[in-house]
Each structure stands twice: as C-alpha cells, then as structure tokens.
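S.K.: Just passing along the structure, written as structure tokens.
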Amino acid sequence: MYNVAIIGAGPAGIFAALEVTKLRPDWKVILVEKGQKIENRKCPLREGSPKCINCRRCGLLCGWGGAGAFSDGKLTLTPDVGGHLVDYMSRQNAEELIDYSDKLYLDFGATEEVFGTDMKTFQELEHQAVLAELKLVHSPVRHLGTERSLDVLKAMQDYLNERITILNNVSADSLIVECEQVKGIKLSNGETICAEYTIIAPGREGADWLTQEFAKHKIGMVNNAVDVGVRVELPAPVFEPLTSKLYESKLIYHSPTFGDEVRTFCMNPNGEVVQENYSGIATVNGHSYANYKTPNTNFALLVSEKFTEPFKEPIQYGQHIARLANMLGGGILVQRFGDLLDGRRSTPERIKASVITPTLTCATPGDLSLVIPYRQMTSIKEMLFALDKVAPGTASRYTLLYGIEVKFYSARVKLTNELETEGVKNLFAIGDGAGVTRGLIQASASGVHVARTICSRG
C-alpha cells in the first residue's frame with residue numbers, strides 16, 4: 001500500500017514526487033513511467049537514421065523527463081504563458097509556485113541566466129510589434145539547452161531513485177475507482193498498485209489515454225482550444241534582433257479574415273527541426289542547444305480554434321490532420337512559403353535551390369494546402385506577413401514550413417482549485433496531458449501544488 005501513486009515522469013510528475021518526499025519523507029511513493037530511464041532514452045533519427053522508424057514508444061516523447069527532456073529546456077517564468085494555473089488560484093499564488101519551481105531547477109543544476117528581464121528593451125520591441133498589430137507577451141525565459149536539460153533531469157532521477165519506487169517501461173492500464181474514490185491503478189504488466197492518493201500526469205503523449213479513462217469513470221472533461229499549425233524555419237539573422245534580446249518572442253495575432261488567434265510557440269534560435277512520433281503519428285517540433293548552433297531559427301505558428309457542442313474530440317481532430325500529412329509525405333511535409341503562395345508543391349529541386357538548408361532532412365517536399373484546412377492556412381499566411389513587419393525576411397519565398405505541428409493537450413479535465421477531479425476523491429490530474437498546462441515550468445508548478453494539497457491532508 002502506497003501513500004501516493006504517480007502516473008508519468010514528466011516535469012509535473014517529477015515535481016509532485018520531489019515535493020511529497022520533502023514534506024513527507026516517511027511516505028511511500030511510487031512513480032510509474034512507460035518509457036525508459038533518462039540515460040537509456042534514444043532516438044534513432046537523432047543518431048543518424050535516414051528516417052523515423054516509428055518506435056513503439058517514441059524515445060523523444062516517452063521516458064524520464066517526458067516530452068520536454070529533449071526539448072531546448074525553456075522555463076518561461078510567468079503565469080501569462082504556458083498554462084492555465086491562474087484559473088485555479090490567484091496570480092500571486094501562481095507566481096509563487098513558478099518561482100519555487102524555478103529555484104528547484106537551479107538546485108539541480110539549471111543555468112543562472114534569464115533572458116527578457118530588461119524592461120526598456122522589451123518596451124521598444126513591444127512598440128514595434130504593436131505597429132504590426134501583434135501583441136508581444138512579456139515572458140522572461142531561463143534557457144537550459146537540451147544537453148543541460150538532460151543533466152538536470154538525470155540529477156532529479158538519481159535523487160528520487162533513493163527515496164521512492166520508480167517503475168520504468170510499465171504503463172498504467174486503468175484506474176481503480178470504488179464508491180467515487182480512487183483506490184489505485186492497474187498496470188500493463190498485470191500488477192495492481194494500491195494507493196491512498198493517485199496523481200495523473202501523463203503528458204501530451206498520454207492525453208488520449210487520460211480522455212478515454214476519464215470517460216469510462218464519467219469524470220468531466222471540457223474542450224480546450226485545438227492548436228494546429230506549422231513549424232517555421234528561416235535564417236537565424238531574420239529573428240536575431242528579437243532572439244538576441246528576448247531569446248523567445250511570444251507573439252499573438254488575430255487574423256483579419258477569420259479573427260482566429262495565431263501565436264508563436266517554442267522559438268529555437270540557431271536550433272533544429274525534429275520529428276516526433278505520437279502513437280504512430282509523425283508530428284514536428286523544434287529544439288535548440290546550449291553548445292551546438294545551426295544557421296537557422298525555428299518556431300511554431302499555432303492557430304487556436306475553440307469548438308462548441310456537439311464537438312467533443314479535439315485530440316482526434318488534431319490527429320486526423322496530422323495523419324493527412326503523413327499520408328501524403330510518408331511522414332513530415334516541408335514546403336517553401338513562396339511555393340505555397342504560388343499554389344504549387346515544393347520539390348527537392350526547389351528546396352535545394354533555396355537560401356536555407358532544412359535541418360530536418362527526412363521531411364518530404366510537398367503541398368501543405370492539401371492538408372491544413374483553409375481557415376487555419378489563411379490565418380498562418382496572414383501571421384507570417386505580420387511577422388515580416390517586425391522581422392523582415394519572415395515572409396521570404398524561401399522560408400520553410402513543416403507540417404503538421406499539433407499539440408495534444410486539447411482535452412481539459414474538470415478540476416477543483418486543488419486540481420482534484422470532480423466526482424472522484426483523491427484523484428488529481430496535472431500537467432499538459434490534463435490540459436492544465438502548456439509548458440515545463442507551469443507543469444512543474446502544478447505538481448508542487450498538488451503535492452502540497454495531498455500532504456496537508458495526510
């Protein structure tokens with residue numbers, strides 16, 4: 001019998017475990033992770049394979065550290081970006097949790113430098129953005145880089161390994177719920193874990209499982225906006241006036257044709273575009289490193305659509321669009337912006353003739369207009385022209401667009417302010433997979449918040 005069972009070893013689950021062991025060192029805690037230990041996580045594509053081999057469990061998404069382990073390790077130190085914590089608590093409390101979580105990262109080896117703290121510089125760039133009808137969100141960023149992220153996560157793994165039970169390569173099969181109270185979890189290996197409290201932190205890769213499991217137990221869900229878009233890659237000098245001062249520019253635009261919100265996300269100066277595999281669906285993402293630089297910068301452009309009843313399947317909607325791209329390109333599609341505007345597909349010859357060399361070499365040149373719905377595509381084009389006003393060269397004919405980028409956190413659990421599920425006692429849902437957060441620091445903070453709640457009850 002455990003005091004606490006945690007599903008998922010992403011930042012939300014890890015920080016929940018860290019806080020429980022600090023507040024209740026005598027408690028028995030078990031953390032279940034369906035992927036590998038951090039030192040065993042591998043991606044054949046990153047290690048030289050010419051294409052993604054569709055591993056049963058994607059090494060970039062599953063394992064200790066979650067989907068963020070191989071990301072560029074950006075900690076966005078504001079409640080305004082990266083999640084919905086302020087929906088469950090005061091802004092002051094959210095800021096305290098973020099600050100506390102940030103200090104924990106520092107304790108385990110995170111870098112000291114924070115970008116975007118010079119308000120005078122920010123206001124100058126904000127003025128330029130306003131003239132282009134863009135909103136620049138103030139978001140100080142601590143950048144670790146992929147290499148340092150792995151070191152920090154390894155230190156956390158080693159620390160917790162001496163204090164709790166960690167099961168790797170085992171997934172949660174189902175929840176055990178009796179008389180509207182969680183009793184534990186059943187694992188894929190047939191084992192049953194009994195626990196007084198259960199914390200679900202499955203990450204984006206586990207969001208589909210969470211949705212199905214909660215529907216079975218009639219736990220309420222609401223639709224977040226569906227985020228679908230592309231990964232943009234262009235020469236690093238184009239965005240250097242912004243990235244050299246802010247590192248990551250959080251820009252929001254409302255397209256004139258449809259009024260949809262379009263935002264930049266996960267900006268990677270001198271980074272590379274990467275492929276991920278969500279249960280056999282190839283999607284695109286971006287990384288940057290502390291000690292390795294490419295001549296390119298990449299970032300996502302995501303269009304947010306909020307659907308109304310009777311629509312109840314935002315994750316499946318995103319998966320459907322991604323599958324269309326996979327069907328046409330055998331994986332990720334890439335297209336030059338100029339070819340998109342001219343109504344023609346990109347070809348290997350046209351890509352080769354560009355001033356920019358793609359960092360994702362396995363992407364197939366093609367036509368994204370055959371995949372992305374007209375509404376979202378129109379909004380993406382309009383956003384690129386708006387960005388061109390603050391970063392001239394963004395709307396270049398050579399700018400590369402990769403598809404599809406989609407975020408699978410679109411199902412949001414109905415939760416109390418303590419992040420406990422409505423209707424099932426002692427069951428908590430946190431992080432990106434529960435639709436509560438959208439980034440590393442708020443996911444981490446949600447884990448701390450729930451751990452404090454549980455420990456106060458014990």
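The chains in the structure tokens are called A, B, ... from first to last as shown; in each chain the residues are counted from 1, and the ligands are counted from 1 in the order shown.
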If you count only C-alpha atoms, which residues fall within 8 Å of stretch 197-214 of chain A, apart from same-chain ones fewer than 2 positions away, as a count of residues only?

M.R.: 43

S.K.: Could you pull out the helix (DSSP H, G or I) residues of stretch 158-247 of chain A from DSSP and send them as an NGL selection string?

M.R.: :A and (158-161 or 204-216 or 236-246)

S.K.: Using C-alpha atoms, can you write the selected residues to a file as a PDB file, in the first residue's frame?

M.R.:
ATOM      1  CA  ASP A 158      19.093   9.977  -9.122  1.00  0.00           C
ATOM      2  CA  TYR A 159      17.771  11.959  -6.149  1.00  0.00           C
ATOM      3  CA  LEU A 160      14.299  10.400  -6.277  1.00  0.00           C
ATOM      4  CA  ASN A 161      15.577   6.909  -7.015  1.00  0.00           C
ATOM      5  CA  ARG A 204       0.680  15.170 -24.117  1.00  0.00           C
ATOM      6  CA  GLU A 205       1.527  11.694 -25.359  1.00  0.00           C
ATOM      7  CA  GLY A 206      -0.806  10.216 -22.734  1.00  0.00           C
ATOM      8  CA  ALA A 207      -3.637  12.709 -23.193  1.00  0.00           C
ATOM      9  CA  ASP A 208      -5.645  10.299 -25.339  1.00  0.00           C
ATOM     10  CA  TRP A 209      -5.449   7.581 -22.658  1.00  0.00           C
ATOM     11  CA  LEU A 210      -6.495  10.071 -19.994  1.00  0.00           C
ATOM     12  CA  THR A 211      -9.526  11.138 -22.046  1.00  0.00           C
ATOM     13  CA  GLN A 212     -10.673   7.542 -22.582  1.00  0.00           C
ATOM     14  CA  GLU A 213     -10.103   6.525 -18.961  1.00  0.00           C
ATOM     15  CA  PHE A 214     -11.922   9.539 -17.559  1.00  0.00           C
ATOM     16  CA  ALA A 215     -14.860   8.985 -19.909  1.00  0.00           C
ATOM     17  CA  LYS A 216     -15.133   5.435 -18.555  1.00  0.00           C
ATOM     18  CA  ALA A 236      18.773  32.926 -37.842  1.00  0.00           C
ATOM     19  CA  PRO A 237      19.635  36.578 -38.705  1.00  0.00           C
ATOM     20  CA  VAL A 238      15.967  37.224 -39.573  1.00  0.00           C
ATOM     21  CA  PHE A 239      14.848  36.934 -35.943  1.00  0.00           C
ATOM     22  CA  GLU A 240      18.163  37.832 -34.331  1.00  0.00           C
ATOM     23  CA  PRO A 241      17.042  41.388 -33.365  1.00  0.00           C
ATOM     24  CA  LEU A 242      14.422  39.735 -31.142  1.00  0.00           C
ATOM     25  CA  THR A 243      16.081  36.487 -30.063  1.00  0.00           C
ATOM     26  CA  SER A 244      19.342  38.175 -29.053  1.00  0.00           C
ATOM     27  CA  LYS A 245      17.393  40.258 -26.524  1.00  0.00           C
ATOM     28  CA  LEU A 246      14.459  38.060 -25.509  1.00  0.00           C
TER      29      LEU A 246
END

S.K.: Counting only C-alpha atoms, which of A:Ala325, A:Val137, A:Val273, A:Cys179 gets nearest to A:Pro358?

M.R.: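 With only C-alpha atoms as the atom set, the closest residue is A:Val273.
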
S.K.: Could you list, as a list in words, every residue within 10 Å of A:Phe337, counting only C-alpha atoms and ignoring same-chain residues fewer than 5 positions away?

M.R.: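 Listing them by chain and then by number gives Val232, Asp342, Gly343, Ser346, Leu368, Lys381, Leu384, Thr394, Ala395, Ser396, Arg397, Tyr398, Thr399, Leu400 and Leu401 of chain A.
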
S.K.: If we count only C-alpha atoms and set the cut-off at 8 Å, which residues sit around A:Lys186, ignoring sequence neighbours fewer than 6 positions away in its own chain? Please answer as a PDB file with N, CA and C atoms, in the first residue's frame.

M.R.:
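Produced file out18.pdb, reproduced below:
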ATOM      1  N   ALA A 172       0.398   2.624 -17.173  1.00  0.00           N
ATOM      2  CA  ALA A 172      -0.857   2.476 -16.441  1.00  0.00           C
ATOM      3  C   ALA A 172      -1.919   1.972 -17.402  1.00  0.00           C
ATOM      4  N   ASP A 173      -2.583   0.907 -17.033  1.00  0.00           N
ATOM      5  CA  ASP A 173      -3.625   0.341 -17.888  1.00  0.00           C
ATOM      6  C   ASP A 173      -4.991   0.945 -17.561  1.00  0.00           C
ATOM      7  N   SER A 174      -5.309   1.057 -16.274  1.00  0.00           N
ATOM      8  CA  SER A 174      -6.610   1.601 -15.885  1.00  0.00           C
ATOM      9  C   SER A 174      -6.570   2.068 -14.429  1.00  0.00           C
ATOM     10  N   LEU A 175      -7.535   2.898 -14.086  1.00  0.00           N
ATOM     11  CA  LEU A 175      -7.688   3.373 -12.715  1.00  0.00           C
ATOM     12  C   LEU A 175      -8.586   2.419 -11.944  1.00  0.00           C
ATOM     13  N   ILE A 176      -8.357   2.328 -10.648  1.00  0.00           N
ATOM     14  CA  ILE A 176      -9.236   1.563  -9.764  1.00  0.00           C
ATOM     15  C   ILE A 176     -10.061   2.572  -8.979  1.00  0.00           C
ATOM     16  N   THR A 192      -1.186  -4.710  -9.666  1.00  0.00           N
ATOM     17  CA  THR A 192      -2.107  -3.722  -9.113  1.00  0.00           C
ATOM     18  C   THR A 192      -1.382  -2.896  -8.062  1.00  0.00           C
ATOM     19  N   ILE A 193      -1.493  -1.586  -8.177  1.00  0.00           N
ATOM     20  CA  ILE A 193      -0.883  -0.667  -7.225  1.00  0.00           C
ATOM     21  C   ILE A 193      -1.991  -0.022  -6.403  1.00  0.00           C
TER      22      ILE A 193
END

S.K.: When you look at stretch 291-307 of chain A with a cut-off of 7 Å (counting only C-alpha atoms), what residues show up, excluding the ones that are within fewer than 2 positions of it in the same chain? I need them as a PyMOL selection string.

M.R.: chain A and resi 224-236+260-273+286+289+309+311+376+380

S.K.: Considering only C-alpha atoms, can you say which of A:Ala94, A:Leu370, A:Ala386, A:Leu125 comes closest to A:Arg344?

M.R.: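 Result for the nearest residue to A:Arg344: A:Leu370.
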
S.K.: Go through A:Pro365, A:Pro314, A:Gly447, A:Pro373 and flag the residue nearest A:Ile332, using only C-alpha atoms for the distances.

M.R.: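 Going through A:Pro365, A:Pro314, A:Gly447, A:Pro373 one by one, the smallest distance to A:Ile332 is for A:Pro365.
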
S.K.: What separation in Å, quoted to one decimal, exists between atom CA of A:Gly403 and atom CA of A:Lys135?

M.R.: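 Distance between the two atoms: 24.6 Å.
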
S.K.: Within 12 Å of A:Arg345, counting only C-alpha atoms, which residues show up once you throw out same-chain ones fewer than 3 positions away? Write them as a VMD selection string, please.

M.R.: chain A and resid 328 to 329 333 to 342 348 to 351 364 to 371 401

S.K.: Rank A:Phe258, A:Cys52, A:Ile166, A:Ala155 by their smallest atom-to-atom distance to A:Gly280, using only C-alpha atoms, and report the top residue only.

M.R.: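 Going through A:Phe258, A:Cys52, A:Ile166, A:Ala155 one by one, the smallest distance to A:Gly280 is for A:Cys52.
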
S.K.: Got a sec: who's within 9 Å of A:Lys28, counting only C-alpha atoms, leaving out chain neighbours fewer than 3 positions off, as a PyMOL selection string?

M.R.: chain A and resi 1-5+21+24-25+163-165

S.K.: Rounded to one decimal, what separation in Å do you get between atom CA of A:Arg452 and atom CA of A:His143?

M.R.: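 According to the coordinates, atom CA of A:Arg452 and atom CA of A:His143 are separated by 27.0 Å.
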
S.K.: I need the residues of stretch 42-160 of chain A that end up classed as strand (DSSP E) by DSSP on the backbone, written out as a ChimeraX atom specification.

M.R.: /A:74-76,114-115,135-137,141-143

S.K.: Hey, can you spit out that residue selection with C-alpha atoms as a short mmCIF file (atom, residue, chain, number, x, y, z; two decimals), in the first residue's frame?

M.R.:
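Okay, out02.cif is ready:
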data_model
loop_
_atom_site.label_atom_id
_atom_site.label_comp_id
_atom_site.auth_asym_id
_atom_site.auth_seq_id
_atom_site.Cartn_x
_atom_site.Cartn_y
_atom_site.Cartn_z
CA LYS A 74 12.97 26.79 -21.78
CA LEU A 75 11.49 27.79 -18.42
CA THR A 76 9.03 30.63 -19.10
CA VAL A 114 17.45 34.63 -17.62
CA PHE A 115 16.53 36.36 -20.88
CA LYS A 135 0.93 41.54 -29.14
CA LEU A 136 4.31 40.80 -27.59
CA VAL A 137 3.89 38.98 -24.27
CA VAL A 141 12.96 32.77 -20.06
CA ARG A 142 15.60 30.64 -18.40
CA HIS A 143 17.18 28.61 -21.20
#

S.K.: Tell me which of A:Ala363, A:Val32, A:Leu324, A:Val86 sits closest to A:Leu167, counting only C-alpha atoms.

M.R.: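 Among the listed residues, A:Val32 lies closest to A:Leu167.
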
S.K.: Work out how far atom CA of A:Leu419 is from atom CA of A:Glu33, in Å to one decimal.

M.R.: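 These atoms are spaced 20.8 Å apart.
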